[in-house]
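Structure file my_file10.pdb; described as PDB, C-alpha atoms, pLDDT in the B column.
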```
ATOM      1  CA  LEU A   1       5.592 -13.168  -2.878  1.00 56.00           C
ATOM      2  CA  ALA A   2       2.661 -15.023  -4.368  1.00 65.00           C
ATOM      3  CA  LYS A   3       1.115 -13.459  -7.469  1.00 82.00           C
ATOM      4  CA  THR A   4      -2.503 -12.365  -7.170  1.00 90.00           C
ATOM      5  CA  THR A   5      -5.208 -11.928  -9.789  1.00 92.00           C
ATOM      6  CA  GLN A   6      -8.338  -9.869  -9.230  1.00 95.00           C
ATOM      7  CA  PRO A   7     -10.913  -8.217 -11.495  1.00 96.00           C
ATOM      8  CA  ILE A   8      -9.919  -4.850 -12.890  1.00 95.00           C
ATOM      9  CA  SER A   9     -13.249  -3.251 -12.096  1.00 96.00           C
ATOM     10  CA  MET A  10     -16.660  -3.902 -10.573  1.00 97.00           C
ATOM     11  CA  ASP A  11     -19.887  -1.928 -10.464  1.00 97.00           C
ATOM     12  CA  SER A  12     -22.522  -1.969  -7.745  1.00 97.00           C
ATOM     13  CA  TYR A  13     -25.404   0.025  -6.338  1.00 97.00           C
ATOM     14  CA  GLU A  14     -25.861   1.480  -2.919  1.00 97.00           C
ATOM     15  CA  GLY A  15     -27.136  -1.010  -0.376  1.00 96.00           C
ATOM     16  CA  GLN A  16     -25.911  -4.088  -2.217  1.00 97.00           C
ATOM     17  CA  GLU A  17     -23.372  -6.585  -0.946  1.00 97.00           C
ATOM     18  CA  VAL A  18     -20.171  -6.641  -2.972  1.00 98.00           C
ATOM     19  CA  ASN A  19     -17.842  -9.614  -3.212  1.00 98.00           C
ATOM     20  CA  ILE A  20     -14.394  -9.188  -4.732  1.00 97.00           C
ATOM     21  CA  THR A  21     -12.512 -12.396  -5.385  1.00 96.00           C
ATOM     22  CA  CYS A  22      -8.752 -12.695  -5.535  1.00 95.00           C
ATOM     23  CA  SER A  23      -6.890 -15.670  -6.966  1.00 94.00           C
ATOM     24  CA  HIS A  24      -3.522 -16.658  -5.467  1.00 91.00           C
ATOM     25  CA  ASN A  25      -2.725 -20.154  -6.687  1.00 91.00           C
ATOM     26  CA  ASN A  26       0.898 -20.103  -5.485  1.00 89.00           C
ATOM     27  CA  ILE A  27       0.196 -19.080  -1.915  1.00 89.00           C
ATOM     28  CA  ALA A  28       2.771 -20.471   0.508  1.00 87.00           C
ATOM     29  CA  THR A  29       2.076 -22.159   3.808  1.00 88.00           C
ATOM     30  CA  ASN A  30       3.122 -19.163   5.903  1.00 83.00           C
ATOM     31  CA  ASP A  31       1.456 -16.528   3.712  1.00 86.00           C
ATOM     32  CA  TYR A  32      -1.368 -14.340   4.959  1.00 89.00           C
ATOM     33  CA  ILE A  33      -3.976 -12.604   2.801  1.00 91.00           C
ATOM     34  CA  THR A  34      -4.448  -8.882   3.272  1.00 91.00           C
ATOM     35  CA  TRP A  35      -6.751  -6.352   1.657  1.00 94.00           C
ATOM     36  CA  TYR A  36      -6.167  -2.622   1.320  1.00 94.00           C
ATOM     37  CA  GLN A  37      -8.504   0.143   0.171  1.00 96.00           C
ATOM     38  CA  GLN A  38      -7.371   3.282  -1.647  1.00 95.00           C
ATOM     39  CA  PHE A  39      -9.420   6.399  -2.286  1.00 94.00           C
ATOM     40  CA  PRO A  40      -8.339   8.865  -4.974  1.00 88.00           C
ATOM     41  CA  SER A  41      -5.442  11.082  -3.909  1.00 87.00           C
ATOM     42  CA  GLN A  42      -4.918   9.125  -0.680  1.00 92.00           C
ATOM     43  CA  GLY A  43      -2.592   6.402   0.502  1.00 93.00           C
ATOM     44  CA  PRO A  44      -3.883   2.837   0.860  1.00 93.00           C
ATOM     45  CA  ARG A  45      -5.636   1.863   4.058  1.00 94.00           C
ATOM     46  CA  PHE A  46      -5.619  -1.571   5.673  1.00 92.00           C
ATOM     47  CA  ILE A  47      -9.043  -3.258   5.651  1.00 94.00           C
ATOM     48  CA  ILE A  48      -8.683  -6.846   6.782  1.00 94.00           C
ATOM     49  CA  GLN A  49      -6.292  -9.757   7.015  1.00 92.00           C
ATOM     50  CA  GLY A  50      -6.707 -13.501   7.361  1.00 92.00           C
ATOM     51  CA  TYR A  51      -5.041 -16.884   7.106  1.00 92.00           C
ATOM     52  CA  LYS A  52      -7.928 -19.333   6.701  1.00 91.00           C
ATOM     53  CA  THR A  53     -11.720 -19.702   6.996  1.00 90.00           C
ATOM     54  CA  LYS A  54     -13.504 -16.460   7.785  1.00 95.00           C
ATOM     55  CA  VAL A  55     -12.477 -13.189   9.347  1.00 95.00           C
ATOM     56  CA  THR A  56     -14.882 -10.348  10.078  1.00 96.00           C
ATOM     57  CA  ASN A  57     -14.396  -6.843  11.358  1.00 94.00           C
ATOM     58  CA  GLU A  58     -16.532  -3.722  11.449  1.00 93.00           C
ATOM     59  CA  VAL A  59     -15.794  -2.932   7.812  1.00 92.00           C
ATOM     60  CA  ALA A  60     -15.698  -6.208   5.881  1.00 96.00           C
ATOM     61  CA  SER A  61     -15.508  -9.982   5.898  1.00 97.00           C
ATOM     62  CA  LEU A  62     -12.835 -12.129   4.356  1.00 97.00           C
ATOM     63  CA  PHE A  63     -13.622 -15.651   3.222  1.00 97.00           C
ATOM     64  CA  ILE A  64     -10.785 -18.081   2.574  1.00 97.00           C
ATOM     65  CA  PRO A  65     -11.513 -21.655   1.384  1.00 96.00           C
ATOM     66  CA  ALA A  66      -9.634 -24.623   2.725  1.00 95.00           C
ATOM     67  CA  ASP A  67      -7.154 -24.774  -0.182  1.00 95.00           C
ATOM     68  CA  ARG A  68      -6.391 -21.039   0.286  1.00 95.00           C
ATOM     69  CA  LYS A  69      -5.898 -20.574  -3.470  1.00 94.00           C
ATOM     70  CA  SER A  70      -8.411 -17.764  -3.520  1.00 95.00           C
ATOM     71  CA  SER A  71     -10.095 -15.356  -1.148  1.00 96.00           C
ATOM     72  CA  THR A  72     -13.171 -13.160  -1.238  1.00 97.00           C
ATOM     73  CA  LEU A  73     -13.533  -9.738   0.281  1.00 97.00           C
ATOM     74  CA  SER A  74     -17.158  -9.067   1.164  1.00 98.00           C
ATOM     75  CA  LEU A  75     -18.443  -5.532   1.719  1.00 97.00           C
ATOM     76  CA  PRO A  76     -21.968  -5.520   3.165  1.00 94.00           C
ATOM     77  CA  ARG A  77     -24.443  -2.865   2.029  1.00 93.00           C
ATOM     78  CA  VAL A  78     -22.042  -0.618   0.180  1.00 97.00           C
ATOM     79  CA  SER A  79     -22.465   3.129   0.007  1.00 96.00           C
ATOM     80  CA  LEU A  80     -21.152   5.743  -2.404  1.00 97.00           C
ATOM     81  CA  SER A  81     -18.199   6.280  -0.092  1.00 95.00           C
ATOM     82  CA  ASP A  82     -17.023   2.717  -0.717  1.00 96.00           C
ATOM     83  CA  THR A  83     -16.053   3.705  -4.256  1.00 97.00           C
ATOM     84  CA  ALA A  84     -12.321   3.004  -4.240  1.00 97.00           C
ATOM     85  CA  VAL A  85      -9.603   0.677  -5.471  1.00 96.00           C
ATOM     86  CA  TYR A  86      -9.242  -2.555  -3.491  1.00 97.00           C
ATOM     87  CA  TYR A  87      -5.942  -4.420  -3.421  1.00 95.00           C
ATOM     88  CA  CYS A  88      -5.413  -8.052  -2.496  1.00 93.00           C
ATOM     89  CA  LEU A  89      -1.934  -8.896  -1.214  1.00 89.00           C
ATOM     90  CA  VAL A  90      -0.395 -12.170  -0.164  1.00 87.00           C
ATOM     91  CA  GLY A  91       2.763 -12.582   1.863  1.00 81.00           C
ATOM     92  CA  ALA A  92       4.377 -13.861   5.016  1.00 74.00           C
ATOM     93  CA  LEU A  93       4.410 -11.959   8.247  1.00 67.00           C
ATOM     94  CA  SER A  94       7.980 -11.331   9.264  1.00 62.00           C
ATOM     95  CA  GLY A  95       9.984  -8.836  11.208  1.00 50.00           C
ATOM     96  CA  TYR A  96       9.207  -6.350   8.497  1.00 56.00           C
ATOM     97  CA  SER A  97       6.986  -6.829   5.517  1.00 60.00           C
ATOM     98  CA  THR A  98       7.435  -5.596   1.984  1.00 68.00           C
ATOM     99  CA  LEU A  99       4.171  -5.411   0.085  1.00 73.00           C
ATOM    100  CA  THR A 100       3.578  -6.068  -3.594  1.00 75.00           C
ATOM    101  CA  PHE A 101       0.556  -4.250  -4.938  1.00 79.00           C
ATOM    102  CA  GLY A 102      -1.083  -5.298  -8.173  1.00 81.00           C
ATOM    103  CA  LYS A 103      -3.417  -3.006 -10.084  1.00 83.00           C
ATOM    104  CA  GLY A 104      -6.300  -3.731  -7.738  1.00 93.00           C
ATOM    105  CA  THR A 105     -10.043  -3.719  -8.369  1.00 96.00           C
ATOM    106  CA  MET A 106     -11.753  -0.408  -9.020  1.00 96.00           C
ATOM    107  CA  LEU A 107     -15.162  -0.590  -7.325  1.00 97.00           C
ATOM    108  CA  LEU A 108     -17.697   1.980  -8.484  1.00 97.00           C
ATOM    109  CA  VAL A 109     -20.820   2.331  -6.356  1.00 97.00           C
ATOM    110  CA  SER A 110     -23.716   4.154  -7.963  1.00 97.00           C
ATOM    111  CA  PRO A 111     -26.889   5.599  -6.398  1.00 95.00           C
TER     112      PRO A 111
ATOM    113  CA  ASN B   1      -1.293  11.618  16.793  1.00 71.00           C
ATOM    114  CA  ALA B   2      -0.678  12.617  13.164  1.00 81.00           C
ATOM    115  CA  GLY B   3       0.325   9.144  11.916  1.00 94.00           C
ATOM    116  CA  VAL B   4       2.523   9.402   8.826  1.00 96.00           C
ATOM    117  CA  THR B   5       3.215  12.863   7.435  1.00 97.00           C
ATOM    118  CA  GLN B   6       4.885  13.769   4.157  1.00 97.00           C
ATOM    119  CA  THR B   7       6.265  17.007   2.783  1.00 97.00           C
ATOM    120  CA  PRO B   8       5.839  18.559   0.345  1.00 97.00           C
ATOM    121  CA  LYS B   9       2.371  17.667  -0.955  1.00 96.00           C
ATOM    122  CA  PHE B  10       3.155  18.852  -4.468  1.00 96.00           C
ATOM    123  CA  GLN B  11       6.386  19.564  -6.304  1.00 97.00           C
ATOM    124  CA  VAL B  12       7.371  20.462  -9.849  1.00 97.00           C
ATOM    125  CA  LEU B  13      10.985  19.936 -10.891  1.00 97.00           C
ATOM    126  CA  LYS B  14      12.908  20.462 -14.068  1.00 97.00           C
ATOM    127  CA  THR B  15      14.920  17.591 -15.484  1.00 98.00           C
ATOM    128  CA  GLY B  16      18.241  17.324 -13.692  1.00 97.00           C
ATOM    129  CA  GLN B  17      17.165  19.102 -10.522  1.00 97.00           C
ATOM    130  CA  SER B  18      17.420  17.386  -7.169  1.00 97.00           C
ATOM    131  CA  MET B  19      15.086  17.258  -4.212  1.00 97.00           C
ATOM    132  CA  THR B  20      14.373  15.381  -1.005  1.00 98.00           C
ATOM    133  CA  LEU B  21      10.977  14.081   0.018  1.00 98.00           C
ATOM    134  CA  GLN B  22      10.479  14.030   3.762  1.00 97.00           C
ATOM    135  CA  CYS B  23       8.523  11.485   5.770  1.00 98.00           C
ATOM    136  CA  ALA B  24       7.927  11.242   9.494  1.00 97.00           C
ATOM    137  CA  GLN B  25       5.842   8.947  11.676  1.00 97.00           C
ATOM    138  CA  ASP B  26       4.818   9.361  15.287  1.00 95.00           C
ATOM    139  CA  MET B  27       3.706   5.777  15.985  1.00 93.00           C
ATOM    140  CA  ASN B  28       7.130   4.554  17.139  1.00 92.00           C
ATOM    141  CA  HIS B  29       7.245   2.052  14.274  1.00 91.00           C
ATOM    142  CA  ASN B  30      10.461   0.295  13.419  1.00 89.00           C
ATOM    143  CA  SER B  31       9.906  -0.211   9.701  1.00 90.00           C
ATOM    144  CA  MET B  32       9.409   2.471   7.060  1.00 93.00           C
ATOM    145  CA  TYR B  33       8.876   2.329   3.302  1.00 93.00           C
ATOM    146  CA  TRP B  34       8.833   4.461   0.169  1.00 96.00           C
ATOM    147  CA  TYR B  35       6.513   3.601  -2.740  1.00 95.00           C
ATOM    148  CA  ARG B  36       5.694   5.223  -6.029  1.00 96.00           C
ATOM    149  CA  GLN B  37       2.369   5.013  -7.823  1.00 94.00           C
ATOM    150  CA  ASP B  38       2.012   5.779 -11.492  1.00 92.00           C
ATOM    151  CA  PRO B  39      -1.406   6.496 -13.060  1.00 84.00           C
ATOM    152  CA  GLY B  40      -3.658   3.428 -13.156  1.00 79.00           C
ATOM    153  CA  MET B  41      -1.045   1.298 -11.453  1.00 81.00           C
ATOM    154  CA  GLY B  42      -0.547  -0.267  -8.085  1.00 84.00           C
ATOM    155  CA  LEU B  43       2.191   0.861  -5.725  1.00 88.00           C
ATOM    156  CA  ARG B  44       5.780  -0.191  -6.315  1.00 91.00           C
ATOM    157  CA  LEU B  45       8.318  -0.360  -3.511  1.00 90.00           C
ATOM    158  CA  ILE B  46      11.365   1.887  -3.990  1.00 94.00           C
ATOM    159  CA  TYR B  47      13.277   1.422  -0.728  1.00 94.00           C
ATOM    160  CA  TYR B  48      12.515   0.268   2.757  1.00 92.00           C
ATOM    161  CA  SER B  49      14.089   0.434   6.173  1.00 92.00           C
ATOM    162  CA  ALA B  50      13.391  -2.567   8.361  1.00 87.00           C
ATOM    163  CA  SER B  51      14.747  -0.767  11.408  1.00 87.00           C
ATOM    164  CA  GLU B  52      16.687   2.337  12.329  1.00 88.00           C
ATOM    165  CA  GLY B  53      20.125   2.245  10.747  1.00 89.00           C
ATOM    166  CA  THR B  54      19.244  -0.136   7.914  1.00 92.00           C
ATOM    167  CA  THR B  55      17.948   0.439   4.402  1.00 94.00           C
ATOM    168  CA  ASP B  56      17.345  -1.933   1.507  1.00 92.00           C
ATOM    169  CA  LYS B  57      16.366  -1.687  -2.127  1.00 92.00           C
ATOM    170  CA  GLY B  58      12.879  -2.532  -3.232  1.00 89.00           C
ATOM    171  CA  GLU B  59      11.518  -3.214  -6.685  1.00 88.00           C
ATOM    172  CA  VAL B  60      12.426   0.113  -8.369  1.00 93.00           C
ATOM    173  CA  PRO B  61      15.391   1.765  -6.575  1.00 95.00           C
ATOM    174  CA  ASN B  62      17.251   3.216  -9.563  1.00 96.00           C
ATOM    175  CA  GLY B  63      17.518   7.007  -9.464  1.00 96.00           C
ATOM    176  CA  TYR B  64      16.745   7.252  -5.750  1.00 97.00           C
ATOM    177  CA  ASN B  65      18.591   7.306  -2.461  1.00 97.00           C
ATOM    178  CA  VAL B  66      17.205   7.127   1.054  1.00 97.00           C
ATOM    179  CA  SER B  67      18.251   8.078   4.549  1.00 97.00           C
ATOM    180  CA  ARG B  68      16.805   6.745   7.769  1.00 96.00           C
ATOM    181  CA  LEU B  69      17.625   9.780   9.824  1.00 89.00           C
ATOM    182  CA  ASN B  70      16.271   8.356  13.078  1.00 95.00           C
ATOM    183  CA  LYS B  71      13.416   6.108  14.122  1.00 95.00           C
ATOM    184  CA  ARG B  72      10.822   8.718  13.136  1.00 96.00           C
ATOM    185  CA  GLU B  73      12.145  10.007   9.823  1.00 97.00           C
ATOM    186  CA  PHE B  74      12.846   8.399   6.457  1.00 97.00           C
ATOM    187  CA  SER B  75      13.731  10.629   3.512  1.00 98.00           C
ATOM    188  CA  LEU B  76      13.827   9.910  -0.220  1.00 98.00           C
ATOM    189  CA  ARG B  77      16.214  11.827  -2.465  1.00 98.00           C
ATOM    190  CA  LEU B  78      16.175  12.295  -6.198  1.00 97.00           C
ATOM    191  CA  GLU B  79      19.688  13.372  -7.193  1.00 94.00           C
ATOM    192  CA  SER B  80      18.931  14.183 -10.833  1.00 96.00           C
ATOM    193  CA  ALA B  81      15.233  14.126 -11.594  1.00 97.00           C
ATOM    194  CA  ALA B  82      13.969  12.618 -14.832  1.00 97.00           C
ATOM    195  CA  PRO B  83      10.502  12.787 -16.427  1.00 96.00           C
ATOM    196  CA  SER B  84      10.131   9.047 -15.754  1.00 96.00           C
ATOM    197  CA  GLN B  85      10.097   9.888 -12.053  1.00 97.00           C
ATOM    198  CA  THR B  86       6.868  11.822 -12.394  1.00 97.00           C
ATOM    199  CA  SER B  87       4.640   9.969  -9.968  1.00 97.00           C
ATOM    200  CA  VAL B  88       2.883  10.048  -6.624  1.00 97.00           C
ATOM    201  CA  TYR B  89       5.189   9.026  -3.791  1.00 98.00           C
ATOM    202  CA  PHE B  90       3.867   7.394  -0.643  1.00 97.00           C
ATOM    203  CA  CYS B  91       5.687   6.808   2.592  1.00 97.00           C
ATOM    204  CA  ALA B  92       4.491   4.113   4.997  1.00 94.00           C
ATOM    205  CA  SER B  93       5.436   2.618   8.329  1.00 93.00           C
ATOM    206  CA  SER B  94       4.722  -0.583  10.194  1.00 89.00           C
ATOM    207  CA  GLU B  95       5.515  -2.241  13.474  1.00 83.00           C
ATOM    208  CA  VAL B  96       7.574  -5.349  13.911  1.00 66.00           C
ATOM    209  CA  GLY B  97       6.005  -8.415  15.456  1.00 63.00           C
ATOM    210  CA  THR B  98       2.459  -7.180  15.830  1.00 61.00           C
ATOM    211  CA  GLY B  99       1.073 -10.182  14.002  1.00 64.00           C
ATOM    212  CA  THR B 100      -0.480  -8.131  11.243  1.00 67.00           C
ATOM    213  CA  TYR B 101       0.633  -7.038   7.841  1.00 69.00           C
ATOM    214  CA  GLU B 102      -0.691  -3.540   8.362  1.00 83.00           C
ATOM    215  CA  GLN B 103       1.224  -0.641   6.929  1.00 88.00           C
ATOM    216  CA  TYR B 104       0.165   2.936   7.630  1.00 92.00           C
ATOM    217  CA  PHE B 105       0.456   5.264   4.663  1.00 95.00           C
ATOM    218  CA  GLY B 106       0.995   8.980   4.418  1.00 96.00           C
ATOM    219  CA  PRO B 107      -1.048  11.288   2.172  1.00 95.00           C
ATOM    220  CA  GLY B 108       1.485  11.229  -0.663  1.00 96.00           C
ATOM    221  CA  THR B 109       3.641  13.686  -2.580  1.00 97.00           C
ATOM    222  CA  ARG B 110       2.657  14.421  -6.165  1.00 97.00           C
ATOM    223  CA  LEU B 111       5.831  15.042  -8.158  1.00 97.00           C
ATOM    224  CA  THR B 112       5.989  16.301 -11.722  1.00 97.00           C
ATOM    225  CA  VAL B 113       9.288  16.406 -13.613  1.00 97.00           C
ATOM    226  CA  THR B 114       9.283  18.489 -16.774  1.00 97.00           C
TER     227      THR B 114
END
```

Would you put the structure from the file into structure tokens?
Amino acid sequence: LAKTTQPISMDSYEGQEVNITCSHNNIATNDYITWYQQFPSQGPRFIIQGYKTKVTNEVASLFIPADRKSSTLSLPRVSLSDTAVYYCLVGALSGYSTLTFGKGTMLLVSP
Amino acid sequence: NAGVTQTPKFQVLKTGQSMTLQCAQDMNHNSMYWYRQDPGMGLRLIYYSASEGTTDKGEVPNGYNVSRLNKREFSLRLESAAPSQTSVYFCASSEVGTGTYEQYFGPGTRLTVT
């Protein structure tokens, strides 16, 4: 699985847009990019997944440049409840999928 | 629809004791996984079961055994607990061929080995 690098922590205020960038220089042709969110004392939760360009759902947007060596998770107008750890994962979709989690990015949203 | 359930939620063991962590999912998923998460760290894969009847080692399998009892249930056993196994254990499941990388996680079991 491709190695990912993301900031250890980020701070923001309520109502701001937050962009978390993940670097994955060794991404393979059949790899997808997936983001998970984890609140304290809970299991991770799937947020969004993409292969190229832009993907948007009701929670976030994922921007992937043409070379796919990085990706940016965008959270619009964050609230206090968005305080969590965000993990970027890269890997191929197959019959089953084993995930490799790094340390993630701890996002702290303040009032 | 409870999703992925895990029992117990908390457990304290003495070194050398054994125990089994239980996991069940009601989403009819083929694949199931066991992870551990140490403080300030990401999750590390212990074992996984791609489908009923198969199990494979993940990144950190030493000291653990697993059983895929049926399609719904996947248990993790510690035969002789060690303090290094103090961690939070998460079970997860996913479906084959859905076109996403989405795994559904349980609430976790917090294990302390003294």

key: Result set of the PyMOL selection byres ((chain A) within 12 of (chain B)) on the coordinates above, as a PyMOL selection string   = chain A and resi 8-9+31-51+85-106

Could you save the residues just selected, with C-alpha atoms, as a compact mmCIF listing (two decimals), in the frame of the given file?
```txt
# COMPACT_ATOMS: atom_id res chain seq x y z
CA ILE A 8 -9.92 -4.85 -12.89
CA SER A 9 -13.25 -3.25 -12.10
CA ASP A 31 1.46 -16.53 3.71
CA TYR A 32 -1.37 -14.34 4.96
CA ILE A 33 -3.98 -12.60 2.80
CA THR A 34 -4.45 -8.88 3.27
CA TRP A 35 -6.75 -6.35 1.66
CA TYR A 36 -6.17 -2.62 1.32
CA GLN A 37 -8.50 0.14 0.17
CA GLN A 38 -7.37 3.28 -1.65
CA PHE A 39 -9.42 6.40 -2.29
CA PRO A 40 -8.34 8.86 -4.97
CA SER A 41 -5.44 11.08 -3.91
CA GLN A 42 -4.92 9.12 -0.68
CA GLY A 43 -2.59 6.40 0.50
CA PRO A 44 -3.88 2.84 0.86
CA ARG A 45 -5.64 1.86 4.06
CA PHE A 46 -5.62 -1.57 5.67
CA ILE A 47 -9.04 -3.26 5.65
CA ILE A 48 -8.68 -6.85 6.78
CA GLN A 49 -6.29 -9.76 7.02
CA GLY A 50 -6.71 -13.50 7.36
CA TYR A 51 -5.04 -16.88 7.11
CA VAL A 85 -9.60 0.68 -5.47
CA TYR A 86 -9.24 -2.56 -3.49
CA TYR A 87 -5.94 -4.42 -3.42
CA CYS A 88 -5.41 -8.05 -2.50
CA LEU A 89 -1.93 -8.90 -1.21
CA VAL A 90 -0.40 -12.17 -0.16
CA GLY A 91 2.76 -12.58 1.86
CA ALA A 92 4.38 -13.86 5.02
CA LEU A 93 4.41 -11.96 8.25
CA SER A 94 7.98 -11.33 9.26
CA GLY A 95 9.98 -8.84 11.21
CA TYR A 96 9.21 -6.35 8.50
CA SER A 97 6.99 -6.83 5.52
CA THR A 98 7.44 -5.60 1.98
CA LEU A 99 4.17 -5.41 0.08
CA THR A 100 3.58 -6.07 -3.59
CA PHE A 101 0.56 -4.25 -4.94
CA GLY A 102 -1.08 -5.30 -8.17
CA LYS A 103 -3.42 -3.01 -10.08
CA GLY A 104 -6.30 -3.73 -7.74
CA THR A 105 -10.04 -3.72 -8.37
CA MET A 106 -11.75 -0.41 -9.02
```

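Near stretch 16-22 of chain A, within 7 Å and counting all atoms listed in the file, sit Thr4, Thr5, Gln6, Ser12, Ser70, Ser71, Thr72, Leu73, Ser74, Leu75, Pro76, Arg77, Val78 and Cys88 of chain A, not including residues fewer than 4 positions from it in the same chain.
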
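Of the residues listed (B:Arg77, B:Lys9, B:Arg36, B:Arg68), B:Arg68 shows the shortest atom-to-atom separation from B:Glu52; distances use all atoms listed in the file.
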
key: Selection under test: the PyMOL selection byres ((chain B and resi 18) around 6); residues as a PyMOL selection string   = chain B and resi 17+19+78-81

ask   = So how many Å separate atom CA of B:Met27 and atom CA of B:Asp56, to one decimal?
value = 21.3 Å

Residues matched by the PyMOL selection byres ((chain B and resi 6) around 6) as a PyMOL selection string = chain B and resi 5+7+22-23

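Note that atom CA of A:Lys54 and atom CA of A:Gly15 are 22.2 Å apart.
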
ask   = So which residues fall inside 7 Å of (-2.7, -22.8, -9.0) if we count all atoms listed in the file? Mind giving them as a list in words?
value = Asn25, Asn26 and Lys69 of chain A

Selection file, C-alpha atoms, as a CSV table (one decimal), keeping the file's coordinate frame:
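Dumped everything to out-v7.csv:
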```csv
chain,number,residue,atom,x,y,z
A,25,ASN,CA,-2.7,-20.2,-6.7
A,26,ASN,CA,0.9,-20.1,-5.5
A,69,LYS,CA,-5.9,-20.6,-3.5
```

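For the atom pair formed by atom CA of B:Asn28 and atom CA of B:Thr54, the distance is 15.9 Å, given to one decimal.
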
Exercise: residues within 9 Å of coordinate (11.1, 9.7, -12.1), counting all atoms listed in the file, as a compact mmCIF listing (two decimals) with C-alpha atoms, in the frame of the given file:
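As a result, point36.txt now contains:
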```
# COMPACT_ATOMS: atom_id res chain seq x y z
CA GLY B 63 17.52 7.01 -9.46
CA TYR B 64 16.74 7.25 -5.75
CA LEU B 78 16.18 12.30 -6.20
CA ALA B 81 15.23 14.13 -11.59
CA ALA B 82 13.97 12.62 -14.83
CA PRO B 83 10.50 12.79 -16.43
CA SER B 84 10.13 9.05 -15.75
CA GLN B 85 10.10 9.89 -12.05
CA THR B 86 6.87 11.82 -12.39
CA SER B 87 4.64 9.97 -9.97
CA LEU B 111 5.83 15.04 -8.16
CA THR B 112 5.99 16.30 -11.72
CA VAL B 113 9.29 16.41 -13.61
```

Export: stretch 81-86 of chain B, all heavy atoms, as a PDB file, in the first residue's frame:
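Result saved to out-v3.pdb:
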```pdb
ATOM      1  N   ALA B  81      -2.371 -13.291  27.855  1.00  0.00           N
ATOM      2  CA  ALA B  81      -2.286 -11.839  27.722  1.00  0.00           C
ATOM      3  C   ALA B  81      -0.987 -11.283  28.289  1.00  0.00           C
ATOM      4  O   ALA B  81      -0.471 -11.747  29.311  1.00  0.00           O
ATOM      5  CB  ALA B  81      -3.475 -11.187  28.404  1.00  0.00           C
ATOM      6  N   ALA B  82      -0.493 -10.252  27.616  1.00  0.00           N
ATOM      7  CA  ALA B  82       0.716  -9.548  28.042  1.00  0.00           C
ATOM      8  C   ALA B  82       0.422  -8.056  28.128  1.00  0.00           C
ATOM      9  O   ALA B  82      -0.467  -7.556  27.415  1.00  0.00           O
ATOM     10  CB  ALA B  82       1.851  -9.795  27.047  1.00  0.00           C
ATOM     11  N   PRO B  83       1.135  -7.318  28.976  1.00  0.00           N
ATOM     12  CA  PRO B  83       0.900  -5.879  29.086  1.00  0.00           C
ATOM     13  C   PRO B  83       0.995  -5.151  27.743  1.00  0.00           C
ATOM     14  O   PRO B  83       0.307  -4.143  27.538  1.00  0.00           O
ATOM     15  CB  PRO B  83       1.999  -5.418  30.053  1.00  0.00           C
ATOM     16  CG  PRO B  83       2.239  -6.618  30.918  1.00  0.00           C
ATOM     17  CD  PRO B  83       2.108  -7.794  29.992  1.00  0.00           C
ATOM     18  N   SER B  84       1.808  -5.661  26.827  1.00  0.00           N
ATOM     19  CA  SER B  84       1.941  -5.028  25.513  1.00  0.00           C
ATOM     20  C   SER B  84       0.664  -5.130  24.682  1.00  0.00           C
ATOM     21  O   SER B  84       0.535  -4.465  23.648  1.00  0.00           O
ATOM     22  CB  SER B  84       3.097  -5.663  24.732  1.00  0.00           C
ATOM     23  OG  SER B  84       2.841  -7.044  24.523  1.00  0.00           O
ATOM     24  N   GLN B  85      -0.272  -5.954  25.131  1.00  0.00           N
ATOM     25  CA  GLN B  85      -1.541  -6.083  24.428  1.00  0.00           C
ATOM     26  C   GLN B  85      -2.623  -5.154  24.981  1.00  0.00           C
ATOM     27  O   GLN B  85      -3.765  -5.191  24.518  1.00  0.00           O
ATOM     28  CB  GLN B  85      -2.015  -7.537  24.473  1.00  0.00           C
ATOM     29  CG  GLN B  85      -1.099  -8.475  23.697  1.00  0.00           C
ATOM     30  CD  GLN B  85      -1.522  -9.919  23.758  1.00  0.00           C
ATOM     31  OE1 GLN B  85      -1.668 -10.492  24.855  1.00  0.00           O
ATOM     32  NE2 GLN B  85      -1.715 -10.533  22.601  1.00  0.00           N
ATOM     33  N   THR B  86      -2.239  -4.326  25.923  1.00  0.00           N
ATOM     34  CA  THR B  86      -3.138  -3.271  26.385  1.00  0.00           C
ATOM     35  C   THR B  86      -3.400  -2.325  25.220  1.00  0.00           C
ATOM     36  O   THR B  86      -2.467  -1.749  24.656  1.00  0.00           O
ATOM     37  CB  THR B  86      -2.512  -2.499  27.557  1.00  0.00           C
ATOM     38  OG1 THR B  86      -2.407  -3.369  28.688  1.00  0.00           O
ATOM     39  CG2 THR B  86      -3.345  -1.281  27.917  1.00  0.00           C
TER      40      THR B  86
END
```
